[in-house]
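S.K.: Got a structure for you, questions after.
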Amino acid sequence: GARNTGLDHATGNFIAFLDADDLWYPDHLQKGIDFLLNHAEADVVFYNFDIVELETNQDMGDWYSIKRYPKQLDSRELGSGYYLVESDMANALIEESFLHLQAMIIRSQTTAEVRFNEEILRSGDRDYAVSLVIKGNAKFAYSTEKTSVWHRHAQSLTSNRADNFLNMSLDQDSTMRKKA
């Protein structure tokens, strides 16, 4: 609900989200905004990010290293390490959750008809990104550069525990059936 309230009251040209326990590197916003200002073909840009275990402060590597996507996306290189996604982004996201909100910067006009589904507890990032494609006709671009830190919690809804994975899968199945 808080994210939807923020979207309802946002007045700028770009939207970016940051959870209280995560962080952006100092140039994250500037890089994303500069990219979108210079690439009208993209509505959303997302970046790679470092993963740090919150409780132990242990470096867990980076997100793209543990995901099949975006490496498997059909993409067109735009230069300077950026790629325009030419694959079916909605289906790719349904297949694998490979981006996080804190790593995305979005043109605000793309969000005009898109809000977060307040009925689901897990995979809100993925659901929102799929909605950006389906309702907002968003075109995505990405960079392999790491511009933020996601703090992984052992007890979080997105942890690797088997019960969380099952519940997340059930939430996504229900959500995608409603969208179909």
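Order determines the names: the first chain of the structure tokens is A, the second B, and so forth; residues in each chain are numbered 1 upward, and ligands are numbered 1 upward as they are shown.
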If we count only C-alpha atoms, what is near His39 (chain A) at a cut-off of 12 Å, once residues fewer than 4 positions away on the same chain are taken out, given as a list of chain:residue names?
M.R.: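 Contacts, with the query itself left out: A:Gly32, A:Ile33, A:Asp34, A:Phe35, A:Asp43, A:Val44, A:Val45, A:Leu78, A:Gly79, A:Tyr82, A:Tyr83, A:Leu84, A:Arg107, A:Lys139, A:Phe140, A:Ala141, A:Tyr142.
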S.K.: List the spatial neighbours of Lys146 (chain A) as number ranges by chain - criterion: any atom at most 9 Å away, only C-alpha atoms, same-chain residues fewer than 3 positions off excluded.
M.R.: A: 25, 28, 47-50, 62-63, 103, 143, 149
S.K.: Based on the selection just made, write all heavy atoms of those residues as a compact mmCIF listing (two decimals), in the first residue's frame.
M.R.:
```txt
# COMPACT_ATOMS: atom_id res chain seq x y z
N TYR A 25 24.41 2.62 -4.33
CA TYR A 25 25.71 3.26 -4.40
C TYR A 25 25.48 4.70 -4.85
O TYR A 25 24.44 5.01 -5.47
CB TYR A 25 26.63 2.50 -5.36
CG TYR A 25 27.01 1.12 -4.84
CD1 TYR A 25 27.05 0.03 -5.70
CD2 TYR A 25 27.30 0.91 -3.49
CE1 TYR A 25 27.40 -1.24 -5.23
CE2 TYR A 25 27.63 -0.35 -3.02
CZ TYR A 25 27.68 -1.41 -3.89
OH TYR A 25 28.01 -2.66 -3.42
N HIS A 28 23.96 5.51 -8.42
CA HIS A 28 22.87 4.69 -8.96
C HIS A 28 21.82 5.52 -9.69
O HIS A 28 21.51 5.27 -10.86
CB HIS A 28 22.22 3.87 -7.84
CG HIS A 28 20.94 3.20 -8.24
ND1 HIS A 28 20.93 2.05 -9.01
CD2 HIS A 28 19.65 3.50 -8.00
CE1 HIS A 28 19.69 1.67 -9.23
NE2 HIS A 28 18.88 2.54 -8.62
N TYR A 47 19.71 -2.79 -12.94
CA TYR A 47 21.14 -3.05 -12.75
C TYR A 47 21.37 -4.30 -11.92
O TYR A 47 20.50 -4.76 -11.19
CB TYR A 47 21.79 -1.86 -12.02
CG TYR A 47 21.81 -0.60 -12.84
CD1 TYR A 47 20.76 0.31 -12.78
CD2 TYR A 47 22.88 -0.31 -13.67
CE1 TYR A 47 20.77 1.48 -13.53
CE2 TYR A 47 22.90 0.86 -14.43
CZ TYR A 47 21.85 1.74 -14.36
OH TYR A 47 21.88 2.89 -15.11
N ASN A 48 22.59 -4.78 -12.00
CA ASN A 48 23.05 -5.84 -11.13
C ASN A 48 23.26 -5.24 -9.73
O ASN A 48 23.32 -4.01 -9.58
CB ASN A 48 24.37 -6.40 -11.67
CG ASN A 48 24.78 -7.71 -11.03
OD1 ASN A 48 24.07 -8.29 -10.22
ND2 ASN A 48 25.95 -8.20 -11.43
N PHE A 49 23.38 -6.09 -8.72
CA PHE A 49 23.61 -5.59 -7.37
C PHE A 49 24.33 -6.62 -6.53
O PHE A 49 24.30 -7.81 -6.81
CB PHE A 49 22.30 -5.15 -6.69
CG PHE A 49 21.20 -6.18 -6.72
CD1 PHE A 49 21.07 -7.12 -5.71
CD2 PHE A 49 20.28 -6.20 -7.76
CE1 PHE A 49 20.06 -8.06 -5.74
CE2 PHE A 49 19.26 -7.13 -7.80
CZ PHE A 49 19.15 -8.07 -6.78
N ASP A 50 25.00 -6.11 -5.51
CA ASP A 50 25.68 -6.97 -4.54
C ASP A 50 24.67 -7.52 -3.55
O ASP A 50 23.69 -6.85 -3.22
CB ASP A 50 26.76 -6.18 -3.79
CG ASP A 50 27.94 -5.84 -4.68
OD1 ASP A 50 28.46 -6.76 -5.36
OD2 ASP A 50 28.36 -4.66 -4.68
N ASP A 62 27.16 -11.39 -6.32
CA ASP A 62 26.25 -10.47 -7.00
C ASP A 62 25.08 -11.24 -7.60
O ASP A 62 25.16 -12.44 -7.83
CB ASP A 62 26.98 -9.65 -8.07
CG ASP A 62 27.40 -10.50 -9.25
OD1 ASP A 62 28.44 -11.17 -9.14
OD2 ASP A 62 26.69 -10.49 -10.27
N TRP A 63 24.00 -10.55 -7.83
CA TRP A 63 22.73 -11.14 -8.25
C TRP A 63 22.82 -11.85 -9.60
O TRP A 63 22.35 -12.96 -9.75
CB TRP A 63 21.67 -10.05 -8.28
CG TRP A 63 20.28 -10.52 -8.48
CD1 TRP A 63 19.48 -10.26 -9.56
CD2 TRP A 63 19.47 -11.30 -7.59
NE1 TRP A 63 18.24 -10.83 -9.40
CE2 TRP A 63 18.22 -11.47 -8.19
CE3 TRP A 63 19.70 -11.87 -6.34
CZ2 TRP A 63 17.18 -12.20 -7.60
CZ3 TRP A 63 18.66 -12.58 -5.74
CH2 TRP A 63 17.43 -12.73 -6.37
N ALA A 103 16.90 -2.00 -7.78
CA ALA A 103 17.84 -1.96 -8.89
C ALA A 103 17.23 -1.32 -10.15
O ALA A 103 17.90 -1.20 -11.16
CB ALA A 103 18.31 -3.37 -9.22
N SER A 143 21.94 -3.17 -17.31
CA SER A 143 23.40 -3.07 -17.28
C SER A 143 23.91 -4.13 -16.32
O SER A 143 23.24 -4.43 -15.33
CB SER A 143 23.83 -1.68 -16.80
OG SER A 143 25.22 -1.65 -16.56
N VAL A 149 23.01 -2.46 -3.16
CA VAL A 149 23.20 -3.61 -2.28
C VAL A 149 21.84 -4.07 -1.80
O VAL A 149 21.03 -3.27 -1.34
CB VAL A 149 24.07 -3.26 -1.06
CG1 VAL A 149 24.14 -4.43 -0.07
CG2 VAL A 149 25.47 -2.86 -1.49
```
S.K.: Need the shell around Asp19 (chain A): protein/DNA/RNA residues with any atom at most 12 Å away, counting only C-alpha atoms. Skip same-chain ones fewer than 5 positions apart. Format as a ChimeraX atom specification?
M.R.: /A:2-3,24,100-103,125,148-152
S.K.: For those residues, write all heavy atoms to a file as a short mmCIF file (atom, residue, chain, number, x, y, z; two decimals), in the first residue's frame.
M.R.:
```cif
data_model
loop_
_atom_site.label_atom_id
_atom_site.label_comp_id
_atom_site.auth_asym_id
_atom_site.auth_seq_id
_atom_site.Cartn_x
_atom_site.Cartn_y
_atom_site.Cartn_z
N ALA A 2 1.94 1.25 0.76
CA ALA A 2 2.80 2.44 0.84
C ALA A 2 3.41 2.77 -0.53
O ALA A 2 3.50 3.94 -0.91
CB ALA A 2 3.89 2.25 1.88
N ARG A 3 3.80 1.74 -1.25
CA ARG A 3 4.37 1.98 -2.59
C ARG A 3 3.32 2.57 -3.52
O ARG A 3 3.62 3.47 -4.31
CB ARG A 3 4.93 0.68 -3.16
CG ARG A 3 6.18 0.22 -2.43
CD ARG A 3 6.64 -1.12 -2.93
NE ARG A 3 7.91 -1.51 -2.31
CZ ARG A 3 8.36 -2.73 -2.29
NH1 ARG A 3 7.68 -3.71 -2.85
NH2 ARG A 3 9.51 -2.99 -1.71
N TRP A 24 21.64 2.14 -2.19
CA TRP A 24 22.15 2.45 -3.51
C TRP A 24 23.57 2.95 -3.38
O TRP A 24 23.90 3.66 -2.42
CB TRP A 24 21.34 3.59 -4.15
CG TRP A 24 19.96 3.26 -4.57
CD1 TRP A 24 19.47 2.08 -5.03
CD2 TRP A 24 18.86 4.18 -4.59
NE1 TRP A 24 18.15 2.19 -5.34
CE2 TRP A 24 17.74 3.48 -5.08
CE3 TRP A 24 18.69 5.51 -4.25
CZ2 TRP A 24 16.49 4.06 -5.23
CZ3 TRP A 24 17.45 6.09 -4.41
CH2 TRP A 24 16.37 5.37 -4.90
N HIS A 100 15.13 -6.78 -8.92
CA HIS A 100 14.60 -6.25 -7.66
C HIS A 100 14.25 -4.79 -7.86
O HIS A 100 14.88 -4.10 -8.66
CB HIS A 100 15.64 -6.37 -6.55
CG HIS A 100 15.68 -7.70 -5.88
ND1 HIS A 100 15.50 -7.85 -4.54
CD2 HIS A 100 15.87 -8.94 -6.37
CE1 HIS A 100 15.59 -9.12 -4.21
NE2 HIS A 100 15.83 -9.81 -5.31
N LEU A 101 13.30 -4.32 -7.10
CA LEU A 101 12.88 -2.92 -7.21
C LEU A 101 14.02 -1.95 -7.00
O LEU A 101 14.12 -0.95 -7.71
CB LEU A 101 11.76 -2.61 -6.21
CG LEU A 101 10.38 -3.08 -6.58
CD1 LEU A 101 9.41 -2.75 -5.46
CD2 LEU A 101 9.91 -2.45 -7.88
N GLN A 102 14.87 -2.19 -6.00
CA GLN A 102 15.90 -1.22 -5.69
C GLN A 102 16.91 -1.07 -6.83
O GLN A 102 17.64 -0.10 -6.88
CB GLN A 102 16.60 -1.54 -4.36
CG GLN A 102 17.94 -2.23 -4.44
CD GLN A 102 17.85 -3.73 -4.65
OE1 GLN A 102 16.79 -4.31 -4.61
NE2 GLN A 102 18.97 -4.36 -4.90
N ALA A 103 16.90 -2.00 -7.78
CA ALA A 103 17.84 -1.96 -8.89
C ALA A 103 17.23 -1.32 -10.15
O ALA A 103 17.90 -1.20 -11.16
CB ALA A 103 18.31 -3.37 -9.22
N ASP A 125 8.10 -7.55 -6.46
CA ASP A 125 8.95 -6.94 -7.48
C ASP A 125 8.64 -7.55 -8.85
O ASP A 125 8.45 -6.84 -9.83
CB ASP A 125 10.43 -7.19 -7.18
CG ASP A 125 10.91 -6.59 -5.88
OD1 ASP A 125 10.08 -6.26 -5.02
OD2 ASP A 125 12.13 -6.47 -5.72
N SER A 148 23.88 -1.15 -6.46
CA SER A 148 23.18 -1.15 -5.18
C SER A 148 23.54 -2.41 -4.39
O SER A 148 24.25 -3.28 -4.87
CB SER A 148 21.67 -1.07 -5.39
OG SER A 148 21.18 -2.19 -6.11
N VAL A 149 23.01 -2.46 -3.16
CA VAL A 149 23.20 -3.61 -2.28
C VAL A 149 21.84 -4.07 -1.80
O VAL A 149 21.03 -3.27 -1.34
CB VAL A 149 24.07 -3.26 -1.06
CG1 VAL A 149 24.14 -4.43 -0.07
CG2 VAL A 149 25.47 -2.86 -1.49
N TRP A 150 21.60 -5.36 -1.95
CA TRP A 150 20.40 -5.99 -1.39
C TRP A 150 20.84 -6.76 -0.17
O TRP A 150 21.73 -7.61 -0.25
CB TRP A 150 19.76 -6.92 -2.42
CG TRP A 150 18.61 -7.71 -1.89
CD1 TRP A 150 17.48 -7.23 -1.32
CD2 TRP A 150 18.48 -9.14 -1.90
NE1 TRP A 150 16.64 -8.27 -0.98
CE2 TRP A 150 17.24 -9.46 -1.32
CE3 TRP A 150 19.29 -10.18 -2.35
CZ2 TRP A 150 16.79 -10.76 -1.17
CZ3 TRP A 150 18.84 -11.47 -2.21
CH2 TRP A 150 17.60 -11.75 -1.62
N HIS A 151 20.26 -6.44 0.97
CA HIS A 151 20.56 -7.15 2.20
C HIS A 151 19.61 -8.33 2.34
O HIS A 151 18.40 -8.13 2.49
CB HIS A 151 20.46 -6.21 3.41
CG HIS A 151 21.60 -5.28 3.50
ND1 HIS A 151 21.49 -3.94 3.21
CD2 HIS A 151 22.90 -5.49 3.82
CE1 HIS A 151 22.67 -3.36 3.37
NE2 HIS A 151 23.53 -4.28 3.73
N ARG A 152 20.18 -9.50 2.26
CA ARG A 152 19.39 -10.72 2.38
C ARG A 152 19.23 -11.06 3.85
O ARG A 152 20.18 -11.03 4.63
CB ARG A 152 20.08 -11.88 1.66
CG ARG A 152 19.20 -13.13 1.59
CD ARG A 152 19.88 -14.19 0.81
NE ARG A 152 20.80 -14.88 1.71
CZ ARG A 152 21.55 -15.90 1.36
NH1 ARG A 152 21.54 -16.33 0.14
NH2 ARG A 152 22.34 -16.47 2.23
#
```
S.K.: Quote the spacing between CA of Val130 (chain A) and CA of His153 (chain A) in Å to one decimal place.
M.R.: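 Straight-line distance from CA of Val130 (chain A) to CA of His153 (chain A) works out to 24.5 Å.
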S.K.: Please indicate the distance in Å from CA of Phe46 (chain A) to CA of Ile105 (chain A), rounded to one decimal place.
M.R.: 6.5 Å
S.K.: Considering only C-alpha atoms, state which residue in the set A:Ser80, A:Met104, A:Phe98, A:Ser131 is at the smallest distance from Asn117 (chain A).
M.R.: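 Ranked by minimum distance to Asn117 (chain A), first place goes to A:Ser131.
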S.K.: Using DSSP on the backbone, list every residue of chain A that comes out as strand (DSSP E or B), and give them as a VMD selection string.
M.R.: chain A and resid 14 to 16 23 to 24 44 to 53 59 to 62 75 to 79 82 to 85 104 to 107 140 to 152
S.K.: Region 21-96 of chain A: which residues are helix (DSSP H, G or I) by DSSP, as a list in words?
M.R.: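 Selection result, helix (DSSP H, G or I) within region 21-96 of chain A: His28, Leu29, Gln30, Lys31, Gly32, Ile33, Asp34, Phe35, Leu36, Leu37, Asn38, Tyr64, Ser65, Ile66, Met89, Ala90, Asn91, Ala92, Leu93, Ile94 and Glu95 of chain A.
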S.K.: What does the structure give for the distance between CA of Ala154 (chain A) and CA of Val52 (chain A), in Å to one decimal?
M.R.: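 A separation of 11.0 Å between them.
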S.K.: Which residue, A:Arg76, A:Lys135, A:His9, A:Arg68, has the smallest gap to Leu99 (chain A) when you use only C-alpha atoms?
M.R.: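 The shortest atom-to-atom distance to Leu99 (chain A) comes from A:Arg68.
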S.K.: Pick out the residues sitting within 12 Å of Tyr69 (chain A), and hand them over as a list in words; count only C-alpha atoms, and ignore anything fewer than 3 positions along from it in its own chain.
M.R.: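 Here the qualifying residues turn out to be Asn48, Trp63, Tyr64, Ser65, Ile66, Gln72, Leu73, Asp74, Ser75, Val85, Ser87, Met89, Asn91, Ala92, Leu93, Ile94, Glu95, Glu96, Ser97, Phe98, Leu99, Tyr142 and Thr144 of chain A.
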S.K.: With only C-alpha atoms as the atoms that count, which of A:Arg126, A:Arg115, A:Lys31, A:Lys67 lies nearest to Asn4 (chain A)?
M.R.: A:Arg115
